[in-house]
file upload_3.cif (mmCIF, N, CA, C and O atoms)
data_input
#
loop_
_atom_site.label_atom_id
_atom_site.label_comp_id
_atom_site.auth_asym_id
_atom_site.auth_seq_id
_atom_site.Cartn_x
_atom_site.Cartn_y
_atom_site.Cartn_z
N MET C 35 12.88 6.66 1.85
CA MET C 35 12.21 5.38 1.76
C MET C 35 12.57 4.73 0.44
O MET C 35 12.49 5.37 -0.61
N ARG C 36 12.99 3.48 0.51
CA ARG C 36 13.28 2.72 -0.71
C ARG C 36 12.12 1.76 -0.97
O ARG C 36 11.68 1.05 -0.08
N LEU C 37 11.62 1.77 -2.21
CA LEU C 37 10.51 0.90 -2.59
C LEU C 37 11.02 -0.27 -3.41
O LEU C 37 11.90 -0.11 -4.26
N THR C 38 10.44 -1.43 -3.16
CA THR C 38 10.70 -2.61 -3.97
C THR C 38 9.38 -3.04 -4.58
O THR C 38 8.41 -3.30 -3.85
N PHE C 39 9.32 -3.08 -5.91
CA PHE C 39 8.11 -3.51 -6.60
C PHE C 39 7.83 -4.97 -6.25
O PHE C 39 8.71 -5.82 -6.32
N ILE C 40 6.58 -5.26 -5.87
CA ILE C 40 6.18 -6.62 -5.53
C ILE C 40 5.28 -7.20 -6.62
O ILE C 40 5.51 -8.29 -7.11
N GLY C 41 4.26 -6.46 -7.02
CA GLY C 41 3.37 -6.98 -8.04
C GLY C 41 2.33 -5.97 -8.47
O GLY C 41 1.95 -5.07 -7.72
N LYS C 42 1.91 -6.14 -9.71
CA LYS C 42 0.87 -5.30 -10.29
C LYS C 42 -0.34 -6.18 -10.55
O LYS C 42 -0.21 -7.36 -10.88
N ASP C 43 -1.51 -5.61 -10.41
CA ASP C 43 -2.76 -6.33 -10.66
C ASP C 43 -2.69 -6.98 -12.04
O ASP C 43 -2.52 -6.30 -13.04
N PRO C 44 -2.80 -8.30 -12.11
CA PRO C 44 -2.70 -8.97 -13.40
C PRO C 44 -3.83 -8.61 -14.37
O PRO C 44 -3.70 -8.85 -15.56
N GLU C 45 -4.88 -7.99 -13.86
CA GLU C 45 -5.98 -7.59 -14.72
C GLU C 45 -5.97 -6.10 -15.08
O GLU C 45 -6.88 -5.60 -15.72
N SER C 46 -4.92 -5.37 -14.66
CA SER C 46 -4.84 -3.95 -14.99
C SER C 46 -4.15 -3.76 -16.33
O SER C 46 -3.42 -4.62 -16.80
N ASN C 47 -4.38 -2.59 -16.91
CA ASN C 47 -3.66 -2.27 -18.15
C ASN C 47 -2.23 -1.86 -17.77
O ASN C 47 -1.94 -1.64 -16.60
N PRO C 48 -1.33 -1.73 -18.72
CA PRO C 48 0.09 -1.47 -18.39
C PRO C 48 0.33 -0.21 -17.57
O PRO C 48 1.33 -0.12 -16.87
N THR C 49 -0.55 0.77 -17.62
CA THR C 49 -0.33 2.00 -16.85
C THR C 49 -1.28 2.10 -15.67
O THR C 49 -1.32 3.12 -14.99
N GLY C 50 -2.03 1.04 -15.39
CA GLY C 50 -3.04 1.08 -14.34
C GLY C 50 -2.54 0.62 -13.00
O GLY C 50 -1.36 0.45 -12.75
N SER C 51 -3.48 0.44 -12.13
CA SER C 51 -3.18 -0.04 -10.79
C SER C 51 -4.25 -1.06 -10.43
O SER C 51 -5.15 -1.30 -11.22
N PRO C 52 -4.20 -1.68 -9.34
CA PRO C 52 -3.34 -1.47 -8.19
C PRO C 52 -1.95 -2.09 -8.35
O PRO C 52 -1.74 -2.98 -9.16
N THR C 53 -1.04 -1.61 -7.52
CA THR C 53 0.33 -2.10 -7.47
C THR C 53 0.75 -2.15 -6.01
O THR C 53 0.36 -1.29 -5.22
N VAL C 54 1.54 -3.16 -5.65
CA VAL C 54 2.01 -3.33 -4.28
C VAL C 54 3.53 -3.16 -4.25
O VAL C 54 4.24 -3.72 -5.09
N TYR C 55 4.01 -2.40 -3.27
CA TYR C 55 5.43 -2.19 -3.05
C TYR C 55 5.75 -2.52 -1.60
O TYR C 55 4.93 -2.33 -0.71
N ARG C 56 6.98 -2.97 -1.34
CA ARG C 56 7.49 -3.17 0.01
C ARG C 56 8.52 -2.09 0.25
O ARG C 56 9.27 -1.71 -0.66
N THR C 57 8.58 -1.56 1.47
CA THR C 57 9.55 -0.52 1.78
C THR C 57 10.71 -1.10 2.59
O THR C 57 10.61 -2.20 3.14
N ASP C 58 11.76 -0.34 2.68
CA ASP C 58 12.90 -0.73 3.52
C ASP C 58 12.64 -0.36 4.98
O ASP C 58 13.51 -0.51 5.82
N ARG C 59 11.44 0.10 5.29
CA ARG C 59 11.06 0.46 6.67
C ARG C 59 10.11 -0.56 7.28
O ARG C 59 9.48 -0.29 8.29
N GLY C 60 9.98 -1.72 6.62
CA GLY C 60 9.10 -2.75 7.15
C GLY C 60 7.63 -2.45 6.96
O GLY C 60 6.81 -2.80 7.80
N SER C 61 7.29 -1.77 5.86
CA SER C 61 5.90 -1.42 5.60
C SER C 61 5.57 -1.66 4.13
O SER C 61 6.43 -2.05 3.34
N TRP C 62 4.34 -1.44 3.79
CA TRP C 62 3.84 -1.63 2.42
C TRP C 62 3.34 -0.31 1.87
O TRP C 62 2.80 0.51 2.61
N VAL C 63 3.47 -0.12 0.58
CA VAL C 63 2.85 1.01 -0.13
C VAL C 63 1.96 0.39 -1.20
O VAL C 63 2.40 -0.46 -1.97
N VAL C 64 0.71 0.80 -1.21
CA VAL C 64 -0.25 0.26 -2.16
C VAL C 64 -0.77 1.38 -3.04
O VAL C 64 -1.28 2.39 -2.54
N GLN C 65 -0.61 1.21 -4.32
CA GLN C 65 -1.22 2.11 -5.30
C GLN C 65 -2.56 1.47 -5.65
O GLN C 65 -2.61 0.30 -6.02
N GLY C 66 -3.64 2.21 -5.49
CA GLY C 66 -4.95 1.62 -5.74
C GLY C 66 -5.97 2.68 -6.11
O GLY C 66 -5.64 3.81 -6.41
N TRP C 67 -7.21 2.27 -6.05
CA TRP C 67 -8.31 3.17 -6.40
C TRP C 67 -8.69 4.00 -5.19
O TRP C 67 -8.91 3.48 -4.10
N VAL C 68 -8.81 5.30 -5.36
CA VAL C 68 -9.19 6.19 -4.28
C VAL C 68 -10.61 5.84 -3.82
O VAL C 68 -11.51 5.67 -4.64
N VAL C 69 -10.78 5.72 -2.52
CA VAL C 69 -12.11 5.46 -1.97
C VAL C 69 -12.85 6.79 -1.90
O VAL C 69 -12.41 7.72 -1.23
N THR C 70 -13.96 6.87 -2.62
CA THR C 70 -14.75 8.10 -2.65
C THR C 70 -16.16 7.90 -2.12
O THR C 70 -16.91 8.86 -2.00
N ASP C 71 -16.51 6.65 -1.78
CA ASP C 71 -17.84 6.36 -1.26
C ASP C 71 -18.04 7.06 0.08
O ASP C 71 -17.36 6.76 1.06
N ALA C 72 -18.96 8.01 0.12
CA ALA C 72 -19.17 8.83 1.32
C ALA C 72 -19.56 7.99 2.53
O ALA C 72 -19.10 8.27 3.65
N ASP C 73 -20.39 6.98 2.35
CA ASP C 73 -20.80 6.13 3.48
C ASP C 73 -19.61 5.36 4.04
O ASP C 73 -19.44 5.25 5.26
N ALA C 74 -18.78 4.81 3.15
CA ALA C 74 -17.60 4.06 3.60
C ALA C 74 -16.63 4.99 4.33
O ALA C 74 -16.11 4.64 5.39
N LEU C 75 -16.40 6.17 3.79
CA LEU C 75 -15.49 7.11 4.42
C LEU C 75 -16.01 7.57 5.78
O LEU C 75 -15.24 7.79 6.72
N ALA C 76 -17.33 7.70 5.91
CA ALA C 76 -17.92 8.12 7.18
C ALA C 76 -17.72 7.07 8.27
O ALA C 76 -17.69 7.40 9.46
N GLU C 77 -17.57 5.80 7.89
CA GLU C 77 -17.35 4.72 8.87
C GLU C 77 -15.92 4.69 9.39
O GLU C 77 -15.65 4.08 10.42
N MET C 78 -15.00 5.33 8.69
CA MET C 78 -13.59 5.32 9.09
C MET C 78 -13.23 6.62 9.77
O MET C 78 -13.81 7.67 9.50
N ASN C 79 -12.24 6.56 10.63
CA ASN C 79 -11.73 7.75 11.29
C ASN C 79 -10.33 8.00 10.73
O ASN C 79 -9.34 7.60 11.32
N ILE C 80 -10.26 8.64 9.57
CA ILE C 80 -8.98 8.84 8.89
C ILE C 80 -8.38 10.17 9.33
O ILE C 80 -8.93 11.23 9.04
N PRO C 81 -7.25 10.11 10.03
CA PRO C 81 -6.63 11.35 10.51
C PRO C 81 -6.04 12.18 9.37
O PRO C 81 -5.77 11.66 8.28
N GLU C 82 -5.80 13.42 9.67
CA GLU C 82 -5.12 14.33 8.74
C GLU C 82 -3.80 13.72 8.32
O GLU C 82 -3.06 13.16 9.13
N GLY C 83 -3.49 13.78 7.04
CA GLY C 83 -2.23 13.26 6.53
C GLY C 83 -2.29 11.79 6.14
O GLY C 83 -1.30 11.22 5.72
N GLU C 84 -3.46 11.14 6.30
CA GLU C 84 -3.62 9.76 5.90
C GLU C 84 -4.73 9.65 4.87
O GLU C 84 -5.52 10.56 4.70
N SER C 85 -4.75 8.53 4.19
CA SER C 85 -5.76 8.29 3.17
C SER C 85 -6.01 6.78 3.12
O SER C 85 -5.42 6.02 3.88
N CYS C 86 -6.86 6.37 2.23
CA CYS C 86 -7.07 4.94 2.03
C CYS C 86 -7.28 4.69 0.54
O CYS C 86 -7.72 5.57 -0.20
N VAL C 87 -6.90 3.50 0.11
CA VAL C 87 -7.13 3.07 -1.27
C VAL C 87 -7.76 1.70 -1.23
O VAL C 87 -7.62 0.96 -0.26
N GLU C 88 -8.45 1.35 -2.30
CA GLU C 88 -9.09 0.05 -2.41
C GLU C 88 -8.32 -0.81 -3.40
O GLU C 88 -7.93 -0.35 -4.46
N ILE C 89 -8.10 -2.06 -3.02
CA ILE C 89 -7.46 -3.02 -3.92
C ILE C 89 -8.33 -4.28 -3.95
O ILE C 89 -9.00 -4.60 -2.97
N PRO C 90 -8.32 -5.03 -5.04
CA PRO C 90 -9.14 -6.25 -5.13
C PRO C 90 -8.46 -7.43 -4.43
O PRO C 90 -7.25 -7.45 -4.22
N ASP C 91 -9.27 -8.43 -4.07
CA ASP C 91 -8.75 -9.64 -3.42
C ASP C 91 -7.62 -10.28 -4.21
O ASP C 91 -6.71 -10.86 -3.62
N ARG C 92 -7.64 -10.19 -5.53
CA ARG C 92 -6.62 -10.87 -6.34
C ARG C 92 -5.22 -10.32 -6.09
O ARG C 92 -4.23 -10.92 -6.48
N MET C 93 -5.11 -9.17 -5.41
CA MET C 93 -3.80 -8.60 -5.10
C MET C 93 -3.18 -9.18 -3.84
O MET C 93 -1.98 -9.01 -3.60
N LEU C 94 -3.95 -9.87 -3.01
CA LEU C 94 -3.43 -10.40 -1.75
C LEU C 94 -2.28 -11.37 -1.95
O LEU C 94 -1.42 -11.51 -1.07
N GLN C 95 -2.21 -12.00 -3.11
CA GLN C 95 -1.12 -12.94 -3.39
C GLN C 95 0.25 -12.28 -3.28
O GLN C 95 1.25 -12.95 -3.02
N PHE C 96 0.33 -10.97 -3.45
CA PHE C 96 1.62 -10.29 -3.45
C PHE C 96 2.11 -9.93 -2.05
O PHE C 96 3.28 -9.66 -1.85
N PHE C 97 1.25 -9.95 -1.05
CA PHE C 97 1.65 -9.51 0.28
C PHE C 97 2.62 -10.45 0.98
O PHE C 97 3.38 -10.04 1.83
N GLY C 98 2.63 -11.71 0.65
CA GLY C 98 3.58 -12.63 1.25
C GLY C 98 4.95 -12.60 0.60
O GLY C 98 5.89 -13.20 1.08
N GLN C 99 5.09 -11.87 -0.50
CA GLN C 99 6.33 -11.85 -1.26
C GLN C 99 7.27 -10.74 -0.84
O GLN C 99 8.41 -10.71 -1.27
N GLY C 100 6.84 -9.85 0.00
CA GLY C 100 7.57 -8.62 0.27
C GLY C 100 8.86 -8.72 1.03
O GLY C 100 9.70 -7.86 0.90
N ASP C 101 9.04 -9.73 1.84
CA ASP C 101 10.23 -9.76 2.69
C ASP C 101 11.42 -10.42 2.04
O ASP C 101 12.51 -10.40 2.58
N ARG C 102 11.25 -11.00 0.87
CA ARG C 102 12.37 -11.66 0.21
C ARG C 102 13.36 -10.65 -0.34
O ARG C 102 13.04 -9.87 -1.21
N GLY C 103 14.55 -10.65 0.21
CA GLY C 103 15.61 -9.81 -0.32
C GLY C 103 15.53 -8.34 0.01
O GLY C 103 16.24 -7.53 -0.52
N VAL C 104 14.64 -7.96 0.95
CA VAL C 104 14.51 -6.56 1.33
C VAL C 104 15.07 -6.38 2.72
O VAL C 104 14.69 -7.08 3.66
N ASP C 105 15.98 -5.43 2.88
CA ASP C 105 16.55 -5.13 4.19
C ASP C 105 15.62 -4.15 4.90
O ASP C 105 15.46 -3.02 4.47
N ASN C 106 15.00 -4.59 5.97
CA ASN C 106 14.06 -3.75 6.70
C ASN C 106 14.71 -2.99 7.85
O ASN C 106 14.07 -2.63 8.81
N GLY C 107 15.99 -2.72 7.71
CA GLY C 107 16.68 -1.85 8.63
C GLY C 107 17.08 -2.52 9.89
O GLY C 107 17.42 -2.02 10.85
#
call {"tool": "encode", "arguments": {"input": "upload_3.cif", "output": "structure tokens"}}
result
Amino acid sequence: MRLTFIGKDPESNPTGSPTVYRTDRGSWVVQGWVVTDADALAEMNIPEGESCVEIPDRMLQFFGQGDRGVDNG
């Protein structure tokens, strides 16, 4: 999988997250805060081998930028 950096949370510190990446497989990779809220996790049916992360609304601006110049196979 090849990752293309799309954007980092403008309010994060230089080593923080969240960060959005586009893949060459037509998907997104999001670095974010691990969801640990037991009630929220109980509402989801997360299969083995999957996880979820939380990102703030201010990161949505980066999702429309991912297809520029990326070969999705």
call {"tool": "residues_near_point", "arguments": {"input": "upload_3.cif", "point": "(-11.0, 5.4, -3.2)", "cutoff": "10 Å", "atoms": "only C-alpha atoms", "output": "list in words"}}
result
Gly66, Trp67, Val68, Val69, Thr70, Asp71, Ala72, Ala74, Leu75, Ser85, Cys86, Val87, Glu88 and Ile89 of chain C
call {"tool": "atom_distance", "arguments": {"input": "upload_3.cif", "atom1": "atom C of Thr57 (chain C)", "atom2": "atom N of Met78 (chain C)"}}
result
27.2 Å
call {"tool": "atom_distance", "arguments": {"input": "upload_3.cif", "atom1": "atom C of Asp58 (chain C)", "atom2": "atom O of Thr38 (chain C)"}}
result
10.2 Å
call {"tool": "select_by_dssp", "arguments": {"input": "upload_3.cif", "residues": "region 66-99 of chain C", "states": "helix (DSSP H, G or I)", "output": "JSON, numbers by chain"}}
result
{"C": [72, 73, 74, 75, 76, 77, 91, 92, 93, 94, 95, 96, 97, 98, 99]}
call {"tool": "select_by_dssp", "arguments": {"input": "upload_3.cif", "residues": "chain C", "states": "strand (DSSP E)", "output": "tab-separated table (two decimals) with N, CA, C and O atoms, in the coordinates of the input"}}
result
chain	number	residue	atom	x	y	z
C	37	LEU	N	11.62	1.77	-2.21
C	37	LEU	CA	10.51	0.90	-2.59
C	37	LEU	C	11.02	-0.27	-3.41
C	37	LEU	O	11.90	-0.11	-4.26
C	38	THR	N	10.44	-1.43	-3.16
C	38	THR	CA	10.70	-2.61	-3.97
C	38	THR	C	9.38	-3.04	-4.58
C	38	THR	O	8.41	-3.30	-3.85
C	39	PHE	N	9.32	-3.08	-5.91
C	39	PHE	CA	8.11	-3.51	-6.60
C	39	PHE	C	7.83	-4.97	-6.25
C	39	PHE	O	8.71	-5.82	-6.32
C	40	ILE	N	6.58	-5.26	-5.87
C	40	ILE	CA	6.18	-6.62	-5.53
C	40	ILE	C	5.28	-7.20	-6.62
C	40	ILE	O	5.51	-8.29	-7.11
C	41	GLY	N	4.26	-6.46	-7.02
C	41	GLY	CA	3.37	-6.98	-8.04
C	41	GLY	C	2.33	-5.97	-8.47
C	41	GLY	O	1.95	-5.07	-7.72
C	42	LYS	N	1.91	-6.14	-9.71
C	42	LYS	CA	0.87	-5.30	-10.29
C	42	LYS	C	-0.34	-6.18	-10.55
C	42	LYS	O	-0.21	-7.36	-10.88
C	53	THR	N	-1.04	-1.61	-7.52
C	53	THR	CA	0.33	-2.10	-7.47
C	53	THR	C	0.75	-2.15	-6.01
C	53	THR	O	0.36	-1.29	-5.22
C	54	VAL	N	1.54	-3.16	-5.65
C	54	VAL	CA	2.01	-3.33	-4.28
C	54	VAL	C	3.53	-3.16	-4.25
C	54	VAL	O	4.24	-3.72	-5.09
C	55	TYR	N	4.01	-2.40	-3.27
C	55	TYR	CA	5.43	-2.19	-3.05
C	55	TYR	C	5.75	-2.52	-1.60
C	55	TYR	O	4.93	-2.33	-0.71
C	56	ARG	N	6.98	-2.97	-1.34
C	56	ARG	CA	7.49	-3.17	0.01
C	56	ARG	C	8.52	-2.09	0.25
C	56	ARG	O	9.27	-1.71	-0.66
C	57	THR	N	8.58	-1.56	1.47
C	57	THR	CA	9.55	-0.52	1.78
C	57	THR	C	10.71	-1.10	2.59
C	57	THR	O	10.61	-2.20	3.14
C	62	TRP	N	4.34	-1.44	3.79
C	62	TRP	CA	3.84	-1.63	2.42
C	62	TRP	C	3.34	-0.31	1.87
C	62	TRP	O	2.80	0.51	2.61
C	63	VAL	N	3.47	-0.12	0.58
C	63	VAL	CA	2.85	1.01	-0.13
C	63	VAL	C	1.96	0.39	-1.20
C	63	VAL	O	2.40	-0.46	-1.97
C	64	VAL	N	0.71	0.80	-1.21
C	64	VAL	CA	-0.25	0.26	-2.16
C	64	VAL	C	-0.77	1.38	-3.04
C	64	VAL	O	-1.28	2.39	-2.54
C	65	GLN	N	-0.61	1.21	-4.32
C	65	GLN	CA	-1.22	2.11	-5.30
C	65	GLN	C	-2.56	1.47	-5.65
C	65	GLN	O	-2.61	0.30	-6.02
C	67	TRP	N	-7.21	2.27	-6.05
C	67	TRP	CA	-8.31	3.17	-6.40
C	67	TRP	C	-8.69	4.00	-5.19
C	67	TRP	O	-8.91	3.48	-4.10
C	68	VAL	N	-8.81	5.30	-5.36
C	68	VAL	CA	-9.19	6.19	-4.28
C	68	VAL	C	-10.61	5.84	-3.82
C	68	VAL	O	-11.51	5.67	-4.64
C	87	VAL	N	-6.90	3.50	0.11
C	87	VAL	CA	-7.13	3.07	-1.27
C	87	VAL	C	-7.76	1.70	-1.23
C	87	VAL	O	-7.62	0.96	-0.26
C	88	GLU	N	-8.45	1.35	-2.30
C	88	GLU	CA	-9.09	0.05	-2.41
C	88	GLU	C	-8.32	-0.81	-3.40
C	88	GLU	O	-7.93	-0.35	-4.46
call {"tool": "atom_distance", "arguments": {"input": "upload_3.cif", "atom1": "atom C of Ser61 (chain C)", "atom2": "atom C of Glu82 (chain C)"}}
result
18.5 Å
call {"tool": "resolve_selection", "arguments": {"input": "upload_3.cif", "expression": "the PyMOL selection byres (((chain C and resi 92 and name CA) around 12) and name CA)", "output": "list in words"}}
result
Gly41, Lys42, Asp43, Pro44, Glu45, Ser46, Pro52, Thr53, Val54, Glu88, Ile89, Pro90, Asp91, Met93, Leu94, Gln95, Phe96 and Phe97 of chain C
call {"tool": "closest_residue", "arguments": {"input": "upload_3.cif", "among": "C:Asn47, C:Ala76, C:Pro81, C:Ile40", "to": "Val63 (chain C)", "atoms": "only N, CA, C and O atoms"}}
result
C:Ile40
call {"tool": "closest_residue", "arguments": {"input": "upload_3.cif", "among": "C:Glu77, C:Gly50, C:Gln65, C:Arg59", "to": "Met35 (chain C)", "atoms": "all atoms listed in the file"}}
result
C:Arg59
